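Data block for upload39.cif (mmCIF, C-alpha atoms and all ligand atoms):
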data_protein
#
loop_
_atom_site.group_PDB
_atom_site.id
_atom_site.type_symbol
_atom_site.label_atom_id
_atom_site.label_comp_id
_atom_site.auth_asym_id
_atom_site.auth_seq_id
_atom_site.Cartn_x
_atom_site.Cartn_y
_atom_site.Cartn_z
ATOM 1 C CA MET U 189 34.942 -47.426 -41.713
ATOM 2 C CA ARG U 190 35.089 -50.270 -39.195
ATOM 3 C CA PHE U 191 32.936 -50.361 -36.078
ATOM 4 C CA THR U 192 34.299 -52.384 -33.177
ATOM 5 C CA MET U 193 34.068 -52.973 -29.473
ATOM 6 C CA GLU U 194 37.445 -51.489 -28.553
ATOM 7 C CA THR U 195 39.906 -52.947 -26.056
ATOM 8 C CA ASP U 196 43.255 -51.934 -27.555
ATOM 9 C CA GLU U 197 45.091 -49.603 -25.150
ATOM 10 C CA PHE U 198 46.386 -47.253 -27.863
ATOM 11 C CA ALA U 199 42.944 -46.934 -29.451
ATOM 12 C CA LEU U 200 41.371 -46.312 -26.029
ATOM 13 C CA GLN U 201 43.787 -43.408 -25.486
ATOM 14 C CA GLN U 202 42.667 -42.026 -28.850
ATOM 15 C CA VAL U 203 39.046 -42.414 -27.719
ATOM 16 C CA ASP U 204 39.733 -40.336 -24.588
ATOM 17 C CA ALA U 205 41.434 -37.639 -26.660
ATOM 18 C CA LEU U 206 38.566 -37.631 -29.171
ATOM 19 C CA LEU U 207 35.883 -37.296 -26.483
ATOM 20 C CA TYR U 208 37.671 -34.282 -25.024
ATOM 21 C CA GLU U 209 38.270 -32.731 -28.455
ATOM 22 C CA VAL U 210 34.615 -33.072 -29.535
ATOM 23 C CA LEU U 211 32.575 -32.814 -26.341
ATOM 24 C CA TRP U 212 34.313 -30.404 -23.962
ATOM 25 C CA GLU U 213 37.304 -28.589 -25.452
ATOM 26 C CA PRO U 214 35.271 -26.536 -27.994
ATOM 27 C CA TYR U 215 33.310 -25.076 -25.059
ATOM 28 C CA GLY U 216 36.413 -24.213 -23.051
ATOM 29 C CA MET U 217 35.438 -26.883 -20.542
ATOM 30 C CA PRO U 218 37.910 -29.064 -18.664
ATOM 31 C CA ASN U 219 38.127 -32.764 -19.445
ATOM 32 C CA VAL U 220 35.201 -34.199 -17.462
ATOM 33 C CA ARG U 221 35.530 -37.665 -18.984
ATOM 34 C CA HIS U 222 35.284 -39.400 -15.595
ATOM 35 C CA GLN U 223 33.773 -36.633 -13.480
ATOM 36 C CA PHE U 224 30.303 -38.183 -13.342
ATOM 37 C CA ASP U 225 31.403 -41.816 -13.033
ATOM 38 C CA LYS U 226 30.487 -43.988 -10.107
ATOM 39 C CA GLY U 227 33.072 -46.602 -10.971
ATOM 40 C CA GLU U 228 30.875 -48.414 -13.493
ATOM 41 C CA ALA U 229 32.527 -50.678 -16.073
ATOM 42 C CA GLU U 230 32.546 -49.104 -19.514
ATOM 43 C CA ILE U 231 32.202 -50.760 -22.885
ATOM 44 C CA ILE U 232 33.764 -48.656 -25.615
ATOM 45 C CA PHE U 233 32.590 -48.784 -29.206
ATOM 46 C CA ALA U 234 34.882 -47.145 -31.753
ATOM 47 C CA ALA U 235 34.614 -46.199 -35.410
ATOM 48 C CA LYS U 236 37.985 -46.601 -37.095
ATOM 49 C CA ASP U 237 39.247 -45.293 -40.393
ATOM 50 C CA GLY U 238 42.463 -47.295 -40.695
ATOM 51 C CA ILE U 239 44.182 -46.678 -37.357
ATOM 52 C CA THR U 240 42.417 -43.350 -36.831
ATOM 53 C CA VAL U 241 39.606 -43.378 -34.286
ATOM 54 C CA ALA U 242 36.860 -41.314 -35.950
ATOM 55 C CA GLY U 243 34.145 -41.693 -33.323
ATOM 56 C CA ALA U 244 33.267 -43.405 -30.069
ATOM 57 C CA PHE U 245 30.222 -44.316 -27.979
ATOM 58 C CA VAL U 246 30.651 -45.245 -24.290
ATOM 59 C CA LEU U 247 28.147 -47.783 -22.947
ATOM 60 C CA ILE U 248 27.432 -48.513 -19.278
ATOM 61 C CA VAL U 249 25.431 -51.638 -18.433
ATOM 62 C CA TYR U 250 23.673 -51.681 -15.052
ATOM 63 C CA LYS U 251 22.883 -54.700 -12.889
ATOM 64 C CA ASP U 252 19.142 -54.460 -13.671
ATOM 65 C CA LYS U 253 19.945 -54.994 -17.372
ATOM 66 C CA SER U 254 19.307 -51.378 -18.277
ATOM 67 C CA ALA U 255 22.010 -49.422 -20.047
ATOM 68 C CA GLU U 256 23.194 -45.865 -20.593
ATOM 69 C CA LEU U 257 25.083 -44.290 -23.445
ATOM 70 C CA ARG U 258 27.376 -42.078 -21.344
ATOM 71 C CA HIS U 259 29.372 -40.313 -24.061
ATOM 72 C CA ALA U 260 28.919 -40.185 -27.834
ATOM 73 C CA ALA U 261 31.122 -38.259 -30.227
ATOM 74 C CA VAL U 262 32.337 -38.249 -33.817
ATOM 75 C CA LEU U 263 35.249 -36.114 -35.049
ATOM 76 C CA PRO U 264 33.944 -33.107 -37.022
ATOM 77 C CA GLU U 265 35.515 -34.322 -40.281
ATOM 78 C CA TYR U 266 33.619 -37.634 -39.981
ATOM 79 C CA GLN U 267 30.260 -36.200 -38.882
ATOM 80 C CA GLY U 268 27.260 -36.411 -41.214
ATOM 81 C CA GLN U 269 28.672 -39.509 -42.929
ATOM 82 C CA LYS U 270 26.733 -42.187 -41.009
ATOM 83 C CA THR U 271 29.555 -42.659 -38.504
ATOM 84 C CA GLY U 272 27.245 -42.136 -35.519
ATOM 85 C CA ARG U 273 24.620 -44.409 -37.061
ATOM 86 C CA GLY U 274 27.252 -47.119 -37.600
ATOM 87 C CA LEU U 275 28.351 -46.862 -33.975
ATOM 88 C CA TRP U 276 24.744 -47.089 -32.831
ATOM 89 C CA ASN U 277 24.148 -50.207 -34.955
ATOM 90 C CA GLU U 278 27.128 -51.837 -33.236
ATOM 91 C CA VAL U 279 25.785 -50.884 -29.781
ATOM 92 C CA LEU U 280 22.311 -52.139 -30.709
ATOM 93 C CA GLU U 281 23.643 -55.497 -31.807
ATOM 94 C CA TYR U 282 25.495 -55.799 -28.493
ATOM 95 C CA ILE U 283 22.596 -54.811 -26.232
ATOM 96 C CA LYS U 284 20.226 -57.172 -28.063
ATOM 97 C CA ALA U 285 22.708 -60.041 -27.688
ATOM 98 C CA GLU U 286 23.054 -59.220 -23.961
ATOM 99 C CA SER U 287 19.248 -59.046 -23.448
ATOM 100 C CA ILE U 288 19.430 -55.450 -22.199
ATOM 101 C CA ASN U 289 15.895 -54.197 -21.427
ATOM 102 C CA SER U 290 16.229 -50.484 -22.063
ATOM 103 C CA ILE U 291 18.799 -47.876 -22.946
ATOM 104 C CA TYR U 292 18.863 -44.144 -22.316
ATOM 105 C CA VAL U 293 21.064 -41.187 -23.094
ATOM 106 C CA TYR U 294 21.329 -37.663 -21.706
ATOM 107 C CA ALA U 295 20.955 -36.080 -25.127
ATOM 108 C CA ARG U 296 22.523 -32.676 -25.705
ATOM 109 C CA ASN U 297 20.289 -29.969 -27.148
ATOM 110 C CA THR U 298 22.512 -29.949 -30.236
ATOM 111 C CA ALA U 299 22.120 -33.699 -30.816
ATOM 112 C CA ILE U 300 18.409 -34.372 -30.097
ATOM 113 C CA GLY U 301 17.763 -34.708 -33.849
ATOM 114 C CA PHE U 302 20.424 -37.384 -34.212
ATOM 115 C CA TRP U 303 18.965 -39.529 -31.405
ATOM 116 C CA GLU U 304 15.473 -39.122 -32.874
ATOM 117 C CA LYS U 305 16.739 -40.198 -36.297
ATOM 118 C CA ILE U 306 18.101 -43.468 -34.909
ATOM 119 C CA GLY U 307 14.911 -44.210 -32.968
ATOM 120 C CA PHE U 308 15.210 -42.672 -29.496
ATOM 121 C CA ARG U 309 12.225 -40.826 -28.031
ATOM 122 C CA VAL U 310 12.246 -37.862 -25.660
ATOM 123 C CA GLU U 311 11.398 -38.829 -22.058
ATOM 124 C CA THR U 312 11.841 -35.584 -20.127
ATOM 125 C CA ASP U 313 11.731 -31.831 -20.349
ATOM 126 C CA TRP U 314 15.011 -29.909 -20.432
ATOM 127 C CA ILE U 315 17.436 -30.800 -17.674
ATOM 128 C CA ASP U 316 19.950 -28.115 -16.730
ATOM 129 C CA HIS U 317 23.179 -28.840 -14.936
ATOM 130 C CA ASP U 318 25.097 -25.706 -13.876
ATOM 131 C CA PHE U 319 28.352 -27.040 -15.185
ATOM 132 C CA PHE U 320 26.950 -27.410 -18.728
ATOM 133 C CA ALA U 321 24.233 -24.745 -18.745
ATOM 134 C CA ASN U 322 26.969 -22.108 -18.380
ATOM 135 C CA HIS U 323 28.169 -23.239 -21.807
ATOM 136 C CA GLY U 324 24.711 -23.299 -23.412
ATOM 137 C CA ILE U 325 24.396 -27.081 -23.186
ATOM 138 C CA ARG U 326 21.074 -28.562 -22.001
ATOM 139 C CA PHE U 327 19.893 -32.154 -21.908
ATOM 140 C CA LYS U 328 16.799 -34.291 -22.338
ATOM 141 C CA VAL U 329 16.725 -37.922 -21.308
ATOM 142 C CA MET U 330 15.915 -40.016 -24.365
ATOM 143 C CA MET U 331 15.035 -43.713 -24.426
ATOM 144 C CA PHE U 332 15.193 -46.421 -27.040
ATOM 145 C CA ASP U 333 12.689 -49.272 -26.970
ATOM 146 C CA ILE U 334 14.449 -52.579 -27.506
ATOM 147 C CA LYS U 335 12.290 -55.017 -29.385
HETATM 148 C C1 LIG U 401 25.771 -36.391 -32.694
HETATM 149 C C2 LIG U 401 26.825 -37.219 -33.449
HETATM 150 C C3 LIG U 401 27.384 -38.315 -32.528
HETATM 151 C C4 LIG U 401 26.147 -37.884 -34.668
HETATM 152 O O1 LIG U 401 27.107 -38.586 -35.430
HETATM 153 P P1 LIG U 401 27.192 -38.389 -37.022
HETATM 154 O O2 LIG U 401 28.178 -39.329 -37.559
HETATM 155 O O3 LIG U 401 27.405 -36.922 -37.306
HETATM 156 O O4 LIG U 401 25.701 -38.769 -37.473
HETATM 157 P P2 LIG U 401 25.250 -39.642 -38.766
HETATM 158 O O5 LIG U 401 25.962 -39.121 -39.970
HETATM 159 O O6 LIG U 401 25.353 -41.076 -38.464
HETATM 160 O O7 LIG U 401 23.717 -39.175 -38.842
HETATM 161 C C5 LIG U 401 22.616 -40.067 -38.779
HETATM 162 C C6 LIG U 401 21.364 -39.228 -39.056
HETATM 163 O O8 LIG U 401 21.196 -38.261 -38.008
HETATM 164 C C7 LIG U 401 21.188 -36.918 -38.543
HETATM 165 N N1 LIG U 401 21.935 -36.068 -37.609
HETATM 166 C C8 LIG U 401 23.246 -36.216 -37.262
HETATM 167 N N2 LIG U 401 23.589 -35.290 -36.354
HETATM 168 C C9 LIG U 401 22.483 -34.528 -36.145
HETATM 169 C C10 LIG U 401 22.204 -33.413 -35.307
HETATM 170 N N3 LIG U 401 23.143 -32.899 -34.496
HETATM 171 N N4 LIG U 401 20.939 -32.889 -35.332
HETATM 172 C C11 LIG U 401 19.994 -33.413 -36.145
HETATM 173 N N5 LIG U 401 20.194 -34.500 -36.955
HETATM 174 C C12 LIG U 401 21.420 -35.037 -36.939
HETATM 175 C C13 LIG U 401 21.892 -37.034 -39.880
HETATM 176 O O9 LIG U 401 21.467 -36.014 -40.757
HETATM 177 C C14 LIG U 401 21.468 -38.407 -40.350
HETATM 178 O O10 LIG U 401 20.174 -38.364 -40.901
HETATM 179 P P3 LIG U 401 19.803 -39.274 -42.207
HETATM 180 O O11 LIG U 401 20.075 -40.713 -41.799
HETATM 181 O O12 LIG U 401 18.378 -38.968 -42.469
HETATM 182 O O13 LIG U 401 20.746 -38.819 -43.281
HETATM 183 C C15 LIG U 401 27.986 -36.305 -33.983
HETATM 184 O O14 LIG U 401 27.472 -35.388 -34.923
HETATM 185 C C16 LIG U 401 28.722 -35.556 -32.900
HETATM 186 O O15 LIG U 401 29.694 -36.063 -32.330
HETATM 187 N N6 LIG U 401 28.293 -34.303 -32.578
HETATM 188 C C17 LIG U 401 28.988 -33.466 -31.601
HETATM 189 C C18 LIG U 401 28.977 -34.054 -30.192
HETATM 190 C C19 LIG U 401 27.582 -34.418 -29.707
HETATM 191 O O16 LIG U 401 26.650 -33.634 -29.767
HETATM 192 N N7 LIG U 401 27.465 -35.648 -29.185
HETATM 193 C C20 LIG U 401 26.214 -36.180 -28.632
HETATM 194 C C21 LIG U 401 26.105 -35.828 -27.199
HETATM 195 S S1 LIG U 401 24.587 -36.432 -26.488
#

In structure tokens, what does this structure look like?
Amino acid sequence: MRFTMETDEFALQQVDALLYEVLWEPYGMPNVRHQFDKGEAEIIFAAKDGITVAGAFVLIVYKDKSAELRHAAVLPEYQGQKTGRGLWNEVLEYIKAESINSIYVYARNTAIGFWEKIGFRVETDWIDHDFFANHGIRFKVMMFDIK
């Protein structure tokens, strides 16, 4: 598995398809890939098995040098094989090199354990957004301390 900061147009199309397939389609939700954007620039990290995109993390860097992981997904057949951890390591290397101060994620209820495993800590109680709560998805903001 290779972990890269992705800029190739074909791979980025695969990333979009993967995010929909893993994050929204299984819940019968529409593709909300850009629904919550405010026009921020995205940095896409991809895990690639040959030419197949197996996973992707979407990073947003804010002007105050904080950052958000906006979307994070690994194809089911590549889950539980350190794909997510590999993507995180790539993100961590990048945010350290860019002197980012802090990074947070709106962690899904189903993924809290993953974020804890890689070193995030829970910052908030459950946050419910109608759009997601209707599908049984809840969130907690989780933070990672950058040393
Ligand atoms: C969450 C996700 C990105 C993790 O990627 P992954 O490749 O499956 O995770 P890894 O194999 O790198 O796991 C790293 C560690 O976290 C643990 N872990 C992974 N997913 C977990 C989960 N959902 N709950 C609890 N622990 C989890 C693994 O057991 C592993 O622990 P270990 O290092 O002690 O063996 C992936 O499972 C996924 O896409 N899930 C569905 C979509 C989703 O929930 N995305 C996150 C939205 S906030």

Problem - Spatial neighbours of Ala285 (chain U), 12 Å, only C-alpha atoms, chain gap at least 5 places, as number ranges by chain - result: U: 253, 278-280, 334-335

Practice task
For the structure provided, state which residues fall under the PyMOL selection byres (((not hetatm)) within 8 of (chain U and resi 401)), and present them as a PyMOL selection string.
Solution key: chain U and resi 210-211+243+259-264+266-275+293-306+327

Practice task
Please measure the separation of CA of Val246 (chain U) and CA of Phe320 (chain U), giving the value in Å to one decimal.
Solution key: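 Separation of CA of Val246 (chain U) and CA of Phe320 (chain U): 19.0 Å.
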
Problem - Nearest-residue call for Glu256 (chain U), choices U:Met331, U:Ala321, U:Met193, U:Ala205, using only C-alpha atoms - result: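 Selected residue with least distance to Glu256 (chain U): U:Met331.
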
Handout entry: Minimum-distance residue to Asp313 (chain U), chosen among U:Ile283, U:Ala242, U:Ile325, U:Met330 (using all atoms listed in the file)
Key = U:Met330

Exercise for the section: Output the residue selection produced by the PyMOL selection byres (((chain U and resi 252) around 10) and not hetatm) on the file above, formatted as a PyMOL selection string. Expected result: chain U and resi 249-251+253-255+288-290

Just write the chosen residues, C-alpha atoms, as a tab-separated table (two decimals), in the coordinates of the input.
chain	number	residue	atom	x	y	z
U	249	VAL	CA	25.43	-51.64	-18.43
U	250	TYR	CA	23.67	-51.68	-15.05
U	251	LYS	CA	22.88	-54.70	-12.89
U	253	LYS	CA	19.94	-54.99	-17.37
U	254	SER	CA	19.31	-51.38	-18.28
U	255	ALA	CA	22.01	-49.42	-20.05
U	288	ILE	CA	19.43	-55.45	-22.20
U	289	ASN	CA	15.90	-54.20	-21.43
U	290	SER	CA	16.23	-50.48	-22.06

Practice task
Return the single residue from U:Thr192, U:Lys284, U:Asp316, U:His323 that is closest to Glu213 (chain U), with distances computed using all atoms listed in the file.
Solution key: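 So, comparing all the options, the nearest one is U:His323.
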
Assuming 3 Å of padding per side, give the centre and edge lengths of the axis-aligned box around every listed atom of region 271-287 of chain U, in Å to one decimal and as AutoDock Vina command-line options.
--center_x 24.4 --center_y -51.1 --center_z -31.0 --size_x 16.3 --size_y 23.9 --size_z 21.1

Exercise for the section: Figure out the distance between CA of Asp237 (chain U) and CA of Asn277 (chain U), please, to one decimal in Å. Expected result: 16.8 Å

Practice task
Determine the nearest neighbour of Ile232 (chain U) from the options U:Met189, U:Leu206, U:Leu200, U:Val220, counting all atoms listed in the file.
Solution key: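 Using all atoms listed in the file, the shortest distance to Ile232 (chain U) belongs to U:Leu200.
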
Practice task
Evaluate the PyMOL selection byres (((chain U and resi 221) around 9) and not hetatm) on the structure here and hand back the selected residues as a list in words.
Solution key: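 With the shown file as input, the PyMOL selection byres (((chain U and resi 221) around 9) and not hetatm) matches Asp204, Leu207, Tyr208, Trp212, Pro218, Asn219, Val220, His222, Gln223, Phe224, Asp225 and His259 of chain U.
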
Exercise for the section: Go ahead and find all residues with at least one atom no further than 7 Å from (13.4, -46.7, -28.2) in the file's coordinates, using only C-alpha atoms; report them as a VMD selection string. Expected result: chain U and resid 307 to 309 331 to 334

Handout entry: Å distance separating CA of Arg326 (chain U) from CA of Tyr215 (chain U), one decimal place
Key =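 Result for CA of Arg326 (chain U) versus CA of Tyr215 (chain U): 13.1 Å, one decimal.
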
N, CA and C atoms for region 219-252 of chain U, written as a PDB file, in the frame of the given file, could you do that?
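result_10.pdb was written with the following content:
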ATOM      1  N   ASN U 219      38.438 -31.389 -19.050  1.00  0.00           N
ATOM      2  CA  ASN U 219      38.127 -32.764 -19.445  1.00  0.00           C
ATOM      3  C   ASN U 219      37.358 -33.445 -18.318  1.00  0.00           C
ATOM      4  N   VAL U 220      36.041 -33.620 -18.522  1.00  0.00           N
ATOM      5  CA  VAL U 220      35.201 -34.199 -17.462  1.00  0.00           C
ATOM      6  C   VAL U 220      34.856 -35.654 -17.781  1.00  0.00           C
ATOM      7  N   ARG U 221      35.743 -36.286 -18.520  1.00  0.00           N
ATOM      8  CA  ARG U 221      35.530 -37.665 -18.984  1.00  0.00           C
ATOM      9  C   ARG U 221      35.043 -38.592 -17.859  1.00  0.00           C
ATOM     10  N   HIS U 222      35.661 -38.471 -16.675  1.00  0.00           N
ATOM     11  CA  HIS U 222      35.284 -39.400 -15.595  1.00  0.00           C
ATOM     12  C   HIS U 222      34.627 -38.689 -14.406  1.00  0.00           C
ATOM     13  N   GLN U 223      34.287 -37.423 -14.609  1.00  0.00           N
ATOM     14  CA  GLN U 223      33.773 -36.633 -13.480  1.00  0.00           C
ATOM     15  C   GLN U 223      32.458 -37.169 -12.923  1.00  0.00           C
ATOM     16  N   PHE U 224      31.631 -37.760 -13.795  1.00  0.00           N
ATOM     17  CA  PHE U 224      30.303 -38.183 -13.342  1.00  0.00           C
ATOM     18  C   PHE U 224      30.216 -39.701 -13.179  1.00  0.00           C
ATOM     19  N   ASP U 225      31.360 -40.349 -13.194  1.00  0.00           N
ATOM     20  CA  ASP U 225      31.403 -41.816 -13.033  1.00  0.00           C
ATOM     21  C   ASP U 225      31.139 -42.213 -11.593  1.00  0.00           C
ATOM     22  N   LYS U 226      30.577 -43.401 -11.443  1.00  0.00           N
ATOM     23  CA  LYS U 226      30.487 -43.988 -10.107  1.00  0.00           C
ATOM     24  C   LYS U 226      31.214 -45.330 -10.125  1.00  0.00           C
ATOM     25  N   GLY U 227      32.253 -45.390 -10.918  1.00  0.00           N
ATOM     26  CA  GLY U 227      33.072 -46.602 -10.971  1.00  0.00           C
ATOM     27  C   GLY U 227      32.474 -47.715 -11.815  1.00  0.00           C
ATOM     28  N   GLU U 228      31.493 -47.386 -12.657  1.00  0.00           N
ATOM     29  CA  GLU U 228      30.875 -48.414 -13.493  1.00  0.00           C
ATOM     30  C   GLU U 228      31.869 -48.903 -14.563  1.00  0.00           C
ATOM     31  N   ALA U 229      31.711 -50.156 -14.974  1.00  0.00           N
ATOM     32  CA  ALA U 229      32.527 -50.678 -16.073  1.00  0.00           C
ATOM     33  C   ALA U 229      32.005 -50.083 -17.384  1.00  0.00           C
ATOM     34  N   GLU U 230      32.923 -49.698 -18.232  1.00  0.00           N
ATOM     35  CA  GLU U 230      32.546 -49.104 -19.514  1.00  0.00           C
ATOM     36  C   GLU U 230      32.797 -50.088 -20.650  1.00  0.00           C
ATOM     37  N   ILE U 231      31.937 -50.035 -21.646  1.00  0.00           N
ATOM     38  CA  ILE U 231      32.202 -50.760 -22.885  1.00  0.00           C
ATOM     39  C   ILE U 231      32.333 -49.692 -23.963  1.00  0.00           C
ATOM     40  N   ILE U 232      33.465 -49.717 -24.647  1.00  0.00           N
ATOM     41  CA  ILE U 232      33.764 -48.656 -25.615  1.00  0.00           C
ATOM     42  C   ILE U 232      33.571 -49.181 -27.035  1.00  0.00           C
ATOM     43  N   PHE U 233      32.768 -48.471 -27.790  1.00  0.00           N
ATOM     44  CA  PHE U 233      32.590 -48.784 -29.206  1.00  0.00           C
ATOM     45  C   PHE U 233      33.304 -47.694 -30.005  1.00  0.00           C
ATOM     46  N   ALA U 234      34.106 -48.123 -30.975  1.00  0.00           N
ATOM     47  CA  ALA U 234      34.882 -47.145 -31.753  1.00  0.00           C
ATOM     48  C   ALA U 234      34.618 -47.325 -33.242  1.00  0.00           C
ATOM     49  N   ALA U 235      34.636 -46.194 -33.945  1.00  0.00           N
ATOM     50  CA  ALA U 235      34.614 -46.199 -35.410  1.00  0.00           C
ATOM     51  C   ALA U 235      36.035 -45.921 -35.850  1.00  0.00           C
ATOM     52  N   LYS U 236      36.596 -46.770 -36.695  1.00  0.00           N
ATOM     53  CA  LYS U 236      37.985 -46.601 -37.095  1.00  0.00           C
ATOM     54  C   LYS U 236      38.138 -46.515 -38.606  1.00  0.00           C
ATOM     55  N   ASP U 237      38.882 -45.475 -39.006  1.00  0.00           N
ATOM     56  CA  ASP U 237      39.247 -45.293 -40.393  1.00  0.00           C
ATOM     57  C   ASP U 237      40.740 -45.620 -40.447  1.00  0.00           C
ATOM     58  N   GLY U 238      41.076 -46.843 -40.844  1.00  0.00           N
ATOM     59  CA  GLY U 238      42.463 -47.295 -40.695  1.00  0.00           C
ATOM     60  C   GLY U 238      42.784 -47.372 -39.210  1.00  0.00           C
ATOM     61  N   ILE U 239      43.862 -46.678 -38.793  1.00  0.00           N
ATOM     62  CA  ILE U 239      44.182 -46.678 -37.357  1.00  0.00           C
ATOM     63  C   ILE U 239      43.645 -45.419 -36.662  1.00  0.00           C
ATOM     64  N   THR U 240      42.970 -44.572 -37.425  1.00  0.00           N
ATOM     65  CA  THR U 240      42.417 -43.350 -36.831  1.00  0.00           C
ATOM     66  C   THR U 240      41.059 -43.622 -36.201  1.00  0.00           C
ATOM     67  N   VAL U 241      40.912 -43.270 -34.929  1.00  0.00           N
ATOM     68  CA  VAL U 241      39.606 -43.378 -34.286  1.00  0.00           C
ATOM     69  C   VAL U 241      38.793 -42.147 -34.697  1.00  0.00           C
ATOM     70  N   ALA U 242      37.674 -42.391 -35.399  1.00  0.00           N
ATOM     71  CA  ALA U 242      36.860 -41.314 -35.950  1.00  0.00           C
ATOM     72  C   ALA U 242      35.668 -40.979 -35.061  1.00  0.00           C
ATOM     73  N   GLY U 243      35.298 -41.924 -34.194  1.00  0.00           N
ATOM     74  CA  GLY U 243      34.145 -41.693 -33.323  1.00  0.00           C
ATOM     75  C   GLY U 243      34.098 -42.746 -32.237  1.00  0.00           C
ATOM     76  N   ALA U 244      33.364 -42.441 -31.169  1.00  0.00           N
ATOM     77  CA  ALA U 244      33.267 -43.405 -30.069  1.00  0.00           C
ATOM     78  C   ALA U 244      31.977 -43.215 -29.286  1.00  0.00           C
ATOM     79  N   PHE U 245      31.374 -44.320 -28.884  1.00  0.00           N
ATOM     80  CA  PHE U 245      30.222 -44.316 -27.979  1.00  0.00           C
ATOM     81  C   PHE U 245      30.628 -45.102 -26.738  1.00  0.00           C
ATOM     82  N   VAL U 246      30.316 -44.575 -25.552  1.00  0.00           N
ATOM     83  CA  VAL U 246      30.651 -45.245 -24.290  1.00  0.00           C
ATOM     84  C   VAL U 246      29.367 -45.792 -23.670  1.00  0.00           C
ATOM     85  N   LEU U 247      29.344 -47.108 -23.468  1.00  0.00           N
ATOM     86  CA  LEU U 247      28.147 -47.783 -22.947  1.00  0.00           C
ATOM     87  C   LEU U 247      28.392 -48.247 -21.507  1.00  0.00           C
ATOM     88  N   ILE U 248      27.400 -47.999 -20.648  1.00  0.00           N
ATOM     89  CA  ILE U 248      27.432 -48.513 -19.278  1.00  0.00           C
ATOM     90  C   ILE U 248      26.259 -49.472 -19.133  1.00  0.00           C
ATOM     91  N   VAL U 249      26.515 -50.674 -18.651  1.00  0.00           N
ATOM     92  CA  VAL U 249      25.431 -51.638 -18.433  1.00  0.00           C
ATOM     93  C   VAL U 249      25.222 -51.788 -16.926  1.00  0.00           C
ATOM     94  N   TYR U 250      23.989 -51.596 -16.480  1.00  0.00           N
ATOM     95  CA  TYR U 250      23.673 -51.681 -15.052  1.00  0.00           C
ATOM     96  C   TYR U 250      23.213 -53.085 -14.688  1.00  0.00           C
ATOM     97  N   LYS U 251      23.210 -53.347 -13.375  1.00  0.00           N
ATOM     98  CA  LYS U 251      22.883 -54.700 -12.889  1.00  0.00           C
ATOM     99  C   LYS U 251      21.462 -55.115 -13.255  1.00  0.00           C
ATOM    100  N   ASP U 252      20.546 -54.122 -13.360  1.00  0.00           N
ATOM    101  CA  ASP U 252      19.142 -54.460 -13.671  1.00  0.00           C
ATOM    102  C   ASP U 252      18.920 -54.645 -15.174  1.00  0.00           C
TER     103      ASP U 252
END
